[in-house]
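Note sheet for the following structure.
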Amino acid sequence: MANHTIAHDVYVPFLEKKGILSWILSTDHKRIGIMYLISISFFFLVAGVFALLLRYELLTPTSDFVQPHTYNVFFTLHGSIMVFFFIVPGLAASFGNFLIPLMIGAPDVAFPKLNLGSYWIYLLGTVIVLIALAKPADTGWTFYTPYSATTNTDVVMITLGVFVLGFSSILTGLNFIVTIHKMRAPGMTWHRLPLFIWASYATAVLQLLATPVVGITLLLLIMERTLGVGFFDPAKGGDPILFQNFFWFYSHPAVYIMIIPAMGVISEIIPVFARKPIFGYKAIAYSSLGIAFISFLVWAHHMFTSGISDTAATIFSFLTFLVAIPTAIKVFNWTATLYKGSIHLHSAMLYALAFVFLFTIGGLTGLFLGALASDIHLHDTYFVVAHMHYVMIGGTVMGFFGALHFWFPKWFGKMFNETVAKIAWLFIFIGFNVTFFPQFFLGVQGMPRRYATYPAEFESLMSLSTYGSWILGFGIFIMTINLIAGLINGEKAPQNPYGSLSLEWQVPSPPPLENFEEIPHVTDWTYGYGKKK
Amino acid sequence: MGEASVEHTHGHHMDPVVEYKSSKLGMWLFLGTEILLFGGLFAAYAIFRAKYPEMFFEQHVELNKKLGAVNTCILIFSSLTMAMGVSAIQRGKQKATAILILITILCGLAFGVVKYFEYSAKFHHHIYPDTSIFFSLYFMMTGLHMLHVFIGLAILAVIMVLTLKGKFTAKYNTPVEVGGLYWHLVDLIWIYLFPLLYLIG
């Protein structure tokens, strides 16, 4: 790796300029990354509060905290905000923005102004959805027709907001693809790229190919409600299953938009803290693309019980199992990297290990849902809820927290309290499992999702899950406080506190305005740990 | 990093060749997403046509083939003038470029006027987007296309003004070329819509 330093007398960190305008009009990818980070973290906490509220309602079998309609609003807002505001743009936009140019040795992304535009389009989308809160939708985040076309809540505003967010996602993905293609430093060949870049690339391809389809789907739903077109309305000769096909053609790949960047993060963290070259670099790199490709062929596994033909269901079930191959390749390679490694249990590494453990559970339970026979029983039960949260929180959110702790010193030039970070991790890890593991049992016993009330026999598991949500919430609270405290009066961070070899650690913390004094020449891959240089 | 480069604004430090290639790649990718956006409607068209062949046969005759054909000619011609405009600026002829883009814009406006008469005639006959699945498709597809025409016109207007201000030369004309690509897409989508909606019975 190129040895690259910047003399301290001329080094100007990118955080230097003060004032709100220097932020909101900045085209610096690092600042835009931070703006995304603040926005998505805010929405993560908001959506988390809705989760706590709906779990609180489920503490007892009867609906004594809120009425069922309010409960429907809670889970719609929890799901919509979590999915569309946090987890889809989340890692890709915040860490992608910050890291991609630094990691490939470029001064910025290919289209800096477009990048700023994407951020503002994202914010516009969130504002539109916030306006819709006056009469919030009760459809769930999937907006299934015909209910979404007929309910008298404000579905138009929330879907319009999501449509606008989709634009932001497309433009960000486009920007990243062009950046990775055209802006790599000399010597940064495709097979020397850090794995986070490969992951971001696969994610960007998904964003570009899947998002327009959900865009037109939501537009059609809006037209159903406003102009009365009837594509999804059986009364007018339309077909609600068409909506589900369109919706999942986007939303299944979107699941991988959510998880692939987190996989990229894990591929960065594990070799650094295991002090070993990553095992199976090319396999991990290409498996990202493999997942991206297969994700387009599996959408109908969300619709096994919707009345699609047995032939279609069988084919989609088989194709769904194929995703397990590239995913397992990653998990095995991470494990092989850890094998005989010199493992240092930094908080970022703890989150990475939690990712591997929890994501494996999430992935394996996915097989039960991908198999036709068991899915008929488990469809729309708490088993799905548990599976999804093991992938989304156990996977993406753990990856997100890991990334936060790993790159925090690089972003802000400050350190956080490592002991507190580990304690927070413990609460989060335990709280998460206490919350969601019982839900597998609930689902197998037939408890359907999305009900404000439930039979009394489920009370022990349900209330256990609610207690877990409090532990999880408490852990996230400590983590947040710890990071904010580190931001305000943490110690000054060294340039490369973990001895990482990738390019972003070869510049000062926080990085200078245009990243590199001169564009580095890359001579080796990123993961040569333990080798003599 | 010296004082001068600290003041450096972002986005202007790229090698012009890289910038040109990046812009073109970016626009092609964006056009791909536009095709996919329309792809949803094309899929809906295919499904409902298979489901209701009689409806498509009976109702497509209500559409005005002549006006559709006129609009097709107008758009194809506008694509020609646009291509000539791009070619002109590559040879540094700013005035010719501006005139050719102006003709393109006028064609786009003419397309809109014809569409306006078509839509009014439909409304006059009490045909609305909720009349039937076929007309839902007709209004959604042509409406979304019309929206793209307007966006294209706005882009071309900006490019024309900048051309007149002398921003583009034989050496630097990426926005003209990229804007032209967008206009060709608008034309291309119409070339698919016209036979699907107006001609195939």
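To be explicit about the labels: the chains of the structure tokens are called A, B, and onward in the order shown, and within each one the residues are counted from 1, while ligands get numbers from 1 in the order they are shown.
Residues in contact range of region 54-60 of chain B, defined as at most 10 Å between only C-alpha atoms, with sequence neighbours fewer than 4 positions away removed, read Tyr45, Phe48, Arg49, Ala50, Asn64, Lys65, Ser132, Ile133, Phe134, Phe135, Tyr138, Leu196, Leu197, Tyr198, Leu199, Ile200 and Gly201 of chain B.
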Requested write-out: C-alpha atoms of the selected residues, as a PDB file, in the first residue's frame:
```pdb
ATOM      1  CA  TYR B  45     -49.416  -3.433 -20.552  1.00  0.00           C
ATOM      2  CA  PHE B  48     -53.479  -6.694 -19.149  1.00  0.00           C
ATOM      3  CA  ARG B  49     -53.310  -7.108 -22.878  1.00  0.00           C
ATOM      4  CA  ALA B  50     -53.045 -10.857 -22.388  1.00  0.00           C
ATOM      5  CA  ASN B  64     -56.325   9.135 -33.060  1.00  0.00           C
ATOM      6  CA  LYS B  65     -53.753   7.364 -35.261  1.00  0.00           C
ATOM      7  CA  SER B 132     -61.005   1.263 -18.352  1.00  0.00           C
ATOM      8  CA  ILE B 133     -57.726  -0.520 -17.854  1.00  0.00           C
ATOM      9  CA  PHE B 134     -56.789   0.294 -21.440  1.00  0.00           C
ATOM     10  CA  PHE B 135     -57.323   4.006 -20.982  1.00  0.00           C
ATOM     11  CA  TYR B 138     -52.959   5.071 -22.219  1.00  0.00           C
ATOM     12  CA  LEU B 196     -48.248  -0.367 -28.642  1.00  0.00           C
ATOM     13  CA  LEU B 197     -51.103   1.986 -27.961  1.00  0.00           C
ATOM     14  CA  TYR B 198     -52.227   3.318 -31.340  1.00  0.00           C
ATOM     15  CA  LEU B 199     -51.407   0.692 -33.929  1.00  0.00           C
ATOM     16  CA  ILE B 200     -51.577  -2.864 -32.579  1.00  0.00           C
ATOM     17  CA  GLY B 201     -55.185  -4.000 -32.539  1.00  0.00           C
TER      18      GLY B 201
END
```
Hey, what's within 8 Å of Trp183 (chain B) if we count only C-alpha atoms and toss same-chain stuff fewer than 5 positions away? As a ChimeraX atom specification, please?
-> /B:79,82,149,152
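Counting from CA of Val109 (chain A), the distance to CA of Trp198 (chain A) is 15.6 Å.
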- Query: Counting only C-alpha atoms, what is within 10 Å of Val66 (chain A), bar same-chain residues fewer than 2 positions away, as a ChimeraX atom specification?
  - Reply: /A:53-54,56-58,62-64,68-72,74,452
I need the residues from that last selection saved to file as a PDB file, in the first residue's frame (with N, CA, C and O atoms), if you can.
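Result file follows (result-v7.pdb):
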```
ATOM      1  N   LEU A  53     -42.969   1.569  21.678  1.00  0.00           N
ATOM      2  CA  LEU A  53     -44.389   1.798  21.954  1.00  0.00           C
ATOM      3  C   LEU A  53     -45.223   0.583  21.583  1.00  0.00           C
ATOM      4  O   LEU A  53     -46.091   0.153  22.332  1.00  0.00           O
ATOM      5  N   LEU A  54     -44.949   0.008  20.389  1.00  0.00           N
ATOM      6  CA  LEU A  54     -45.810  -1.110  19.999  1.00  0.00           C
ATOM      7  C   LEU A  54     -45.487  -2.368  20.800  1.00  0.00           C
ATOM      8  O   LEU A  54     -46.358  -3.172  21.085  1.00  0.00           O
ATOM      9  N   TYR A  56     -44.693  -2.147  23.907  1.00  0.00           N
ATOM     10  CA  TYR A  56     -45.333  -1.864  25.185  1.00  0.00           C
ATOM     11  C   TYR A  56     -46.804  -2.271  25.132  1.00  0.00           C
ATOM     12  O   TYR A  56     -47.336  -2.841  26.075  1.00  0.00           O
ATOM     13  N   GLU A  57     -47.465  -1.993  23.999  1.00  0.00           N
ATOM     14  CA  GLU A  57     -48.857  -2.405  23.844  1.00  0.00           C
ATOM     15  C   GLU A  57     -48.983  -3.934  23.964  1.00  0.00           C
ATOM     16  O   GLU A  57     -49.969  -4.452  24.462  1.00  0.00           O
ATOM     17  N   LEU A  58     -47.965  -4.632  23.511  1.00  0.00           N
ATOM     18  CA  LEU A  58     -48.032  -6.098  23.495  1.00  0.00           C
ATOM     19  C   LEU A  58     -47.613  -6.733  24.816  1.00  0.00           C
ATOM     20  O   LEU A  58     -47.552  -7.952  24.927  1.00  0.00           O
ATOM     21  N   THR A  62     -54.516  -7.871  26.193  1.00  0.00           N
ATOM     22  CA  THR A  62     -55.592  -6.988  25.744  1.00  0.00           C
ATOM     23  C   THR A  62     -55.007  -5.676  25.229  1.00  0.00           C
ATOM     24  O   THR A  62     -53.850  -5.366  25.463  1.00  0.00           O
ATOM     25  N   SER A  63     -55.844  -4.908  24.529  1.00  0.00           N
ATOM     26  CA  SER A  63     -55.319  -3.647  24.012  1.00  0.00           C
ATOM     27  C   SER A  63     -55.666  -2.547  25.011  1.00  0.00           C
ATOM     28  O   SER A  63     -56.708  -1.924  24.941  1.00  0.00           O
ATOM     29  N   ASP A  64     -54.792  -2.369  25.992  1.00  0.00           N
ATOM     30  CA  ASP A  64     -55.104  -1.403  27.048  1.00  0.00           C
ATOM     31  C   ASP A  64     -54.213  -0.170  27.006  1.00  0.00           C
ATOM     32  O   ASP A  64     -54.434   0.771  27.742  1.00  0.00           O
ATOM     33  N   PRO A  68     -56.486  -0.596  18.547  1.00  0.00           N
ATOM     34  CA  PRO A  68     -55.871  -1.296  17.401  1.00  0.00           C
ATOM     35  C   PRO A  68     -55.511  -0.368  16.237  1.00  0.00           C
ATOM     36  O   PRO A  68     -54.449  -0.535  15.631  1.00  0.00           O
ATOM     37  N   HIS A  69     -56.353   0.641  15.958  1.00  0.00           N
ATOM     38  CA  HIS A  69     -56.001   1.515  14.831  1.00  0.00           C
ATOM     39  C   HIS A  69     -54.673   2.231  15.092  1.00  0.00           C
ATOM     40  O   HIS A  69     -53.804   2.313  14.224  1.00  0.00           O
ATOM     41  N   THR A  70     -54.527   2.754  16.317  1.00  0.00           N
ATOM     42  CA  THR A  70     -53.280   3.441  16.665  1.00  0.00           C
ATOM     43  C   THR A  70     -52.100   2.475  16.580  1.00  0.00           C
ATOM     44  O   THR A  70     -51.014   2.838  16.136  1.00  0.00           O
ATOM     45  N   TYR A  71     -52.350   1.232  17.013  1.00  0.00           N
ATOM     46  CA  TYR A  71     -51.305   0.221  16.918  1.00  0.00           C
ATOM     47  C   TYR A  71     -50.891   0.023  15.458  1.00  0.00           C
ATOM     48  O   TYR A  71     -49.697  -0.057  15.145  1.00  0.00           O
ATOM     49  N   ASN A  72     -51.888  -0.018  14.550  1.00  0.00           N
ATOM     50  CA  ASN A  72     -51.575  -0.154  13.119  1.00  0.00           C
ATOM     51  C   ASN A  72     -50.713   1.006  12.642  1.00  0.00           C
ATOM     52  O   ASN A  72     -49.781   0.828  11.850  1.00  0.00           O
ATOM     53  N   PHE A  74     -48.705   2.722  14.525  1.00  0.00           N
ATOM     54  CA  PHE A  74     -47.374   2.545  15.123  1.00  0.00           C
ATOM     55  C   PHE A  74     -46.508   1.626  14.269  1.00  0.00           C
ATOM     56  O   PHE A  74     -45.366   1.946  13.960  1.00  0.00           O
ATOM     57  N   ALA A 452     -52.840  -6.099  17.637  1.00  0.00           N
ATOM     58  CA  ALA A 452     -52.634  -5.366  18.880  1.00  0.00           C
ATOM     59  C   ALA A 452     -52.966  -6.223  20.086  1.00  0.00           C
ATOM     60  O   ALA A 452     -52.549  -5.927  21.202  1.00  0.00           O
TER      61      ALA A 452
END
```
Could you tell me which residues of chain B sit within 6 Å of chain A when counting only C-alpha atoms, and give me the result as a PDB file with all heavy atoms, in the first residue's frame?
```
ATOM      1  N   MET B   1      -0.424  20.757   0.945  1.00  0.00           N
ATOM      2  CA  MET B   1      -1.565  21.471   0.379  1.00  0.00           C
ATOM      3  C   MET B   1      -1.406  22.959   0.637  1.00  0.00           C
ATOM      4  O   MET B   1      -1.399  23.411   1.784  1.00  0.00           O
ATOM      5  CB  MET B   1      -2.848  20.962   1.039  1.00  0.00           C
ATOM      6  CG  MET B   1      -4.075  21.481   0.371  1.00  0.00           C
ATOM      7  SD  MET B   1      -5.542  20.858   1.189  1.00  0.00           S
ATOM      8  CE  MET B   1      -5.578  19.206   0.585  1.00  0.00           C
ATOM      9  N   GLY B  11     -15.193  19.678  -6.931  1.00  0.00           N
ATOM     10  CA  GLY B  11     -15.856  19.343  -8.181  1.00  0.00           C
ATOM     11  C   GLY B  11     -15.197  19.944  -9.395  1.00  0.00           C
ATOM     12  O   GLY B  11     -15.602  19.665 -10.513  1.00  0.00           O
ATOM     13  N   SER B  22     -17.038  10.300 -17.174  1.00  0.00           N
ATOM     14  CA  SER B  22     -17.922  10.096 -16.029  1.00  0.00           C
ATOM     15  C   SER B  22     -19.332  10.574 -16.352  1.00  0.00           C
ATOM     16  O   SER B  22     -20.310   9.894 -16.071  1.00  0.00           O
ATOM     17  CB  SER B  22     -17.410  10.852 -14.807  1.00  0.00           C
ATOM     18  OG  SER B  22     -16.130  10.432 -14.469  1.00  0.00           O
ATOM     19  N   THR B  33     -32.197   3.624 -15.791  1.00  0.00           N
ATOM     20  CA  THR B  33     -33.235   3.639 -14.757  1.00  0.00           C
ATOM     21  C   THR B  33     -34.558   4.172 -15.317  1.00  0.00           C
ATOM     22  O   THR B  33     -35.627   3.746 -14.893  1.00  0.00           O
ATOM     23  CB  THR B  33     -32.822   4.507 -13.550  1.00  0.00           C
ATOM     24  OG1 THR B  33     -32.788   5.864 -13.943  1.00  0.00           O
ATOM     25  CG2 THR B  33     -31.496   4.078 -12.996  1.00  0.00           C
ATOM     26  N   LEU B  36     -36.277   1.399 -16.963  1.00  0.00           N
ATOM     27  CA  LEU B  36     -36.870   0.505 -15.960  1.00  0.00           C
ATOM     28  C   LEU B  36     -38.135   1.099 -15.366  1.00  0.00           C
ATOM     29  O   LEU B  36     -39.079   0.386 -15.036  1.00  0.00           O
ATOM     30  CB  LEU B  36     -35.850   0.226 -14.852  1.00  0.00           C
ATOM     31  CG  LEU B  36     -34.776  -0.769 -15.253  1.00  0.00           C
ATOM     32  CD1 LEU B  36     -33.585  -0.672 -14.321  1.00  0.00           C
ATOM     33  CD2 LEU B  36     -35.341  -2.176 -15.214  1.00  0.00           C
ATOM     34  N   LEU B  37     -38.144   2.431 -15.210  1.00  0.00           N
ATOM     35  CA  LEU B  37     -39.346   3.095 -14.702  1.00  0.00           C
ATOM     36  C   LEU B  37     -40.516   2.822 -15.644  1.00  0.00           C
ATOM     37  O   LEU B  37     -41.597   2.408 -15.224  1.00  0.00           O
ATOM     38  CB  LEU B  37     -39.089   4.600 -14.588  1.00  0.00           C
ATOM     39  CG  LEU B  37     -40.213   5.437 -13.996  1.00  0.00           C
ATOM     40  CD1 LEU B  37     -40.275   5.251 -12.492  1.00  0.00           C
ATOM     41  CD2 LEU B  37     -40.017   6.909 -14.313  1.00  0.00           C
ATOM     42  N   GLY B  40     -42.040  -0.915 -15.754  1.00  0.00           N
ATOM     43  CA  GLY B  40     -43.187  -1.320 -14.950  1.00  0.00           C
ATOM     44  C   GLY B  40     -44.476  -1.179 -15.743  1.00  0.00           C
ATOM     45  O   GLY B  40     -45.330  -2.076 -15.735  1.00  0.00           O
ATOM     46  N   PRO B 129     -58.898   8.611 -17.179  1.00  0.00           N
ATOM     47  CA  PRO B 129     -57.998   7.534 -16.763  1.00  0.00           C
ATOM     48  C   PRO B 129     -58.723   6.384 -16.070  1.00  0.00           C
ATOM     49  O   PRO B 129     -58.225   5.251 -16.070  1.00  0.00           O
ATOM     50  CB  PRO B 129     -57.047   8.230 -15.788  1.00  0.00           C
ATOM     51  CG  PRO B 129     -57.052   9.639 -16.209  1.00  0.00           C
ATOM     52  CD  PRO B 129     -58.417   9.923 -16.732  1.00  0.00           C
ATOM     53  N   ASP B 130     -59.895   6.644 -15.443  1.00  0.00           N
ATOM     54  CA  ASP B 130     -60.565   5.540 -14.758  1.00  0.00           C
ATOM     55  C   ASP B 130     -61.646   4.883 -15.618  1.00  0.00           C
ATOM     56  O   ASP B 130     -62.449   4.107 -15.124  1.00  0.00           O
ATOM     57  CB  ASP B 130     -61.159   6.018 -13.422  1.00  0.00           C
ATOM     58  CG  ASP B 130     -62.153   7.147 -13.611  1.00  0.00           C
ATOM     59  OD1 ASP B 130     -62.257   7.655 -14.750  1.00  0.00           O
ATOM     60  OD2 ASP B 130     -62.821   7.520 -12.637  1.00  0.00           O
ATOM     61  N   SER B 136     -56.561   3.623 -18.680  1.00  0.00           N
ATOM     62  CA  SER B 136     -55.632   3.867 -17.578  1.00  0.00           C
ATOM     63  C   SER B 136     -54.198   3.785 -18.096  1.00  0.00           C
ATOM     64  O   SER B 136     -53.367   4.659 -17.831  1.00  0.00           O
ATOM     65  CB  SER B 136     -55.798   2.805 -16.480  1.00  0.00           C
ATOM     66  OG  SER B 136     -57.027   2.925 -15.847  1.00  0.00           O
TER      67      SER B 136
END
```
Give me the residues near Asn71 (chain B) as a ChimeraX atom specification, where near means some atom within 8 Å (using only C-alpha atoms) and where sequence neighbours in that chain fewer than 3 positions away do not count. /B:67-68,74-75,111,114
- Item | Non-local contacts of Phe196 (chain A) (12 Å; only C-alpha atoms; under 5 positions in same chain excluded) as a PyMOL selection string | chain A and resi 91-92+95-104+180+201-203+259-270+281+284-285+288+399+403+502+504+526
The distance between CA of Pro511 (chain A) and CA of Phe355 (chain A) is 28.0 Å
Extract the full set of alpha helix (DSSP H) residues from region 161-290 of chain A according to DSSP on the backbone, and format it as a PDB file with C-alpha atoms, in the first residue's frame.
```
ATOM      1  CA  GLY A 161     -42.341  10.646   0.148  1.00  0.00           C
ATOM      2  CA  VAL A 162     -40.979   7.169  -0.473  1.00  0.00           C
ATOM      3  CA  PHE A 163     -41.030   7.845  -4.227  1.00  0.00           C
ATOM      4  CA  VAL A 164     -38.867  10.923  -3.674  1.00  0.00           C
ATOM      5  CA  LEU A 165     -36.535   8.955  -1.398  1.00  0.00           C
ATOM      6  CA  GLY A 166     -36.211   6.475  -4.242  1.00  0.00           C
ATOM      7  CA  PHE A 167     -34.873   9.235  -6.458  1.00  0.00           C
ATOM      8  CA  SER A 168     -32.244  10.041  -3.892  1.00  0.00           C
ATOM      9  CA  SER A 169     -31.295   6.379  -3.732  1.00  0.00           C
ATOM     10  CA  ILE A 170     -30.974   6.113  -7.519  1.00  0.00           C
ATOM     11  CA  LEU A 171     -28.794   9.217  -7.784  1.00  0.00           C
ATOM     12  CA  THR A 172     -26.542   8.100  -4.942  1.00  0.00           C
ATOM     13  CA  GLY A 173     -26.114   4.669  -6.506  1.00  0.00           C
ATOM     14  CA  LEU A 174     -25.386   6.209  -9.892  1.00  0.00           C
ATOM     15  CA  ASN A 175     -22.801   8.519  -8.382  1.00  0.00           C
ATOM     16  CA  PHE A 176     -21.041   5.665  -6.593  1.00  0.00           C
ATOM     17  CA  ILE A 177     -20.930   3.424  -9.671  1.00  0.00           C
ATOM     18  CA  VAL A 178     -19.376   6.170 -11.781  1.00  0.00           C
ATOM     19  CA  THR A 179     -16.974   7.059  -8.969  1.00  0.00           C
ATOM     20  CA  ILE A 180     -15.781   3.488  -8.567  1.00  0.00           C
ATOM     21  CA  HIS A 181     -15.412   3.065 -12.323  1.00  0.00           C
ATOM     22  CA  LYS A 182     -13.680   6.301 -13.183  1.00  0.00           C
ATOM     23  CA  LEU A 195     -14.196  -5.233   0.061  1.00  0.00           C
ATOM     24  CA  PHE A 196     -16.355  -2.395   1.333  1.00  0.00           C
ATOM     25  CA  ILE A 197     -16.015  -0.883  -2.144  1.00  0.00           C
ATOM     26  CA  TRP A 198     -17.099  -4.125  -3.784  1.00  0.00           C
ATOM     27  CA  ALA A 199     -20.064  -4.222  -1.451  1.00  0.00           C
ATOM     28  CA  SER A 200     -20.931  -0.597  -2.189  1.00  0.00           C
ATOM     29  CA  TYR A 201     -20.662  -1.296  -5.888  1.00  0.00           C
ATOM     30  CA  ALA A 202     -23.053  -4.247  -5.708  1.00  0.00           C
ATOM     31  CA  THR A 203     -25.418  -2.156  -3.598  1.00  0.00           C
ATOM     32  CA  ALA A 204     -25.309   0.711  -6.061  1.00  0.00           C
ATOM     33  CA  VAL A 205     -26.153  -1.632  -8.922  1.00  0.00           C
ATOM     34  CA  LEU A 206     -29.164  -2.854  -6.951  1.00  0.00           C
ATOM     35  CA  GLN A 207     -30.249   0.688  -6.172  1.00  0.00           C
ATOM     36  CA  LEU A 208     -30.072   1.560  -9.823  1.00  0.00           C
ATOM     37  CA  LEU A 209     -31.910  -1.478 -11.130  1.00  0.00           C
ATOM     38  CA  ALA A 210     -34.561  -2.037  -8.483  1.00  0.00           C
ATOM     39  CA  THR A 211     -35.603   1.412  -7.322  1.00  0.00           C
ATOM     40  CA  PRO A 212     -37.221   2.630 -10.579  1.00  0.00           C
ATOM     41  CA  VAL A 213     -39.630  -0.306 -10.416  1.00  0.00           C
ATOM     42  CA  VAL A 214     -40.866   0.561  -6.946  1.00  0.00           C
ATOM     43  CA  GLY A 215     -40.995   4.161  -8.147  1.00  0.00           C
ATOM     44  CA  ILE A 216     -43.505   3.364 -10.861  1.00  0.00           C
ATOM     45  CA  THR A 217     -45.403   1.035  -8.493  1.00  0.00           C
ATOM     46  CA  LEU A 218     -45.889   3.750  -5.918  1.00  0.00           C
ATOM     47  CA  LEU A 219     -46.777   6.210  -8.669  1.00  0.00           C
ATOM     48  CA  LEU A 220     -49.474   3.813  -9.880  1.00  0.00           C
ATOM     49  CA  LEU A 221     -50.794   3.452  -6.339  1.00  0.00           C
ATOM     50  CA  ILE A 222     -50.947   7.237  -6.049  1.00  0.00           C
ATOM     51  CA  MET A 223     -52.819   7.349  -9.370  1.00  0.00           C
ATOM     52  CA  GLU A 224     -55.254   4.704  -8.115  1.00  0.00           C
ATOM     53  CA  ARG A 225     -56.097   6.902  -5.193  1.00  0.00           C
ATOM     54  CA  THR A 226     -56.230  10.207  -7.070  1.00  0.00           C
ATOM     55  CA  PRO A 240     -53.710  -6.803  -6.517  1.00  0.00           C
ATOM     56  CA  ILE A 241     -51.182  -9.599  -7.031  1.00  0.00           C
ATOM     57  CA  LEU A 242     -49.573  -7.387  -9.668  1.00  0.00           C
ATOM     58  CA  PHE A 243     -48.872  -4.859  -6.944  1.00  0.00           C
ATOM     59  CA  GLN A 244     -47.200  -7.548  -4.861  1.00  0.00           C
ATOM     60  CA  ASN A 245     -45.097  -8.649  -7.835  1.00  0.00           C
ATOM     61  CA  PHE A 246     -43.987  -5.094  -8.540  1.00  0.00           C
ATOM     62  CA  PHE A 247     -43.465  -4.284  -4.912  1.00  0.00           C
ATOM     63  CA  TRP A 248     -41.285  -7.285  -4.150  1.00  0.00           C
ATOM     64  CA  PHE A 249     -39.378  -7.018  -7.402  1.00  0.00           C
ATOM     65  CA  TYR A 250     -37.935  -3.924  -5.766  1.00  0.00           C
ATOM     66  CA  SER A 251     -38.249  -4.745  -2.133  1.00  0.00           C
ATOM     67  CA  HIS A 252     -36.562  -8.081  -2.199  1.00  0.00           C
ATOM     68  CA  PRO A 253     -33.399  -6.691  -3.823  1.00  0.00           C
ATOM     69  CA  ALA A 254     -33.823  -3.791  -1.387  1.00  0.00           C
ATOM     70  CA  VAL A 255     -33.287  -6.286   1.414  1.00  0.00           C
ATOM     71  CA  TYR A 256     -29.811  -6.726  -0.046  1.00  0.00           C
ATOM     72  CA  ILE A 257     -29.383  -2.969  -0.484  1.00  0.00           C
ATOM     73  CA  MET A 258     -29.774  -2.991   3.281  1.00  0.00           C
ATOM     74  CA  ILE A 259     -27.436  -5.874   4.104  1.00  0.00           C
ATOM     75  CA  ILE A 260     -24.613  -5.864   1.517  1.00  0.00           C
ATOM     76  CA  PRO A 261     -22.964  -2.646   2.766  1.00  0.00           C
ATOM     77  CA  ALA A 262     -23.004  -4.117   6.278  1.00  0.00           C
ATOM     78  CA  MET A 263     -21.278  -7.213   4.902  1.00  0.00           C
ATOM     79  CA  GLY A 264     -18.701  -4.877   3.408  1.00  0.00           C
ATOM     80  CA  VAL A 265     -18.132  -3.288   6.797  1.00  0.00           C
ATOM     81  CA  ILE A 266     -17.627  -6.683   8.431  1.00  0.00           C
ATOM     82  CA  SER A 267     -15.108  -7.615   5.736  1.00  0.00           C
ATOM     83  CA  GLU A 268     -13.125  -4.503   6.703  1.00  0.00           C
ATOM     84  CA  ILE A 269     -13.324  -4.890  10.469  1.00  0.00           C
ATOM     85  CA  ILE A 270     -12.523  -8.597  10.815  1.00  0.00           C
ATOM     86  CA  PRO A 271      -9.086  -8.700   9.122  1.00  0.00           C
ATOM     87  CA  VAL A 272      -7.947  -5.588  10.986  1.00  0.00           C
ATOM     88  CA  PHE A 273      -8.773  -7.002  14.421  1.00  0.00           C
ATOM     89  CA  ALA A 274      -7.771 -10.560  13.561  1.00  0.00           C
ATOM     90  CA  TYR A 281     -10.829 -12.086  -1.076  1.00  0.00           C
ATOM     91  CA  LYS A 282     -12.143 -12.712  -4.568  1.00  0.00           C
ATOM     92  CA  ALA A 283     -14.859 -15.040  -3.327  1.00  0.00           C
ATOM     93  CA  ILE A 284     -16.138 -12.365  -0.957  1.00  0.00           C
ATOM     94  CA  ALA A 285     -15.902  -9.687  -3.647  1.00  0.00           C
ATOM     95  CA  TYR A 286     -17.767 -11.641  -6.297  1.00  0.00           C
ATOM     96  CA  SER A 287     -20.290 -13.085  -3.859  1.00  0.00           C
ATOM     97  CA  SER A 288     -21.558  -9.515  -3.360  1.00  0.00           C
ATOM     98  CA  LEU A 289     -22.297  -9.344  -7.064  1.00  0.00           C
ATOM     99  CA  GLY A 290     -23.717 -12.871  -6.918  1.00  0.00           C
TER     100      GLY A 290
END
```
One decimal place gives the CA of Lys66 (chain B)-CA of Val186 (chain B) separation as 20.0 Å
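For Val434 (chain A), the non-local neighbours within 10 Å, defined as residues at least 6 positions apart in the same chain or in other chains and counting only C-alpha atoms, are Ile428, Leu461, Leu464, Ser465, Thr466, Tyr467, Gly468, Ser469, Trp470, Ile471 and Leu472 of chain A.
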How would the residues just chosen look if you wrote them out with C-alpha atoms as a compact mmCIF listing (two decimals), in the first residue's frame?
```txt
# COMPACT_ATOMS: atom_id res chain seq x y z
CA ILE A 428 -27.63 -4.50 22.91
CA LEU A 461 -43.32 -15.10 25.52
CA LEU A 464 -40.48 -11.50 27.64
CA SER A 465 -40.03 -10.00 24.19
CA THR A 466 -41.20 -6.63 25.50
CA TYR A 467 -38.75 -6.74 28.41
CA GLY A 468 -36.02 -7.53 25.90
CA SER A 469 -36.94 -4.44 23.91
CA TRP A 470 -36.31 -2.35 27.02
CA ILE A 471 -32.83 -3.86 27.51
CA LEU A 472 -32.08 -3.28 23.83
```
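The nearest approach to Ser374 (chain A) among the residues A:Phe296, A:Tyr527, A:Phe304, A:Phe401, with only C-alpha atoms taken into account, belongs to A:Phe304.
The neighbours of Ile159 (chain B) here are the residues that come within 7 Å of it, using only C-alpha atoms and leaving out any residue fewer than 4 positions away in the same chain; they are Ile155, Thr163 and Val176 of chain B.
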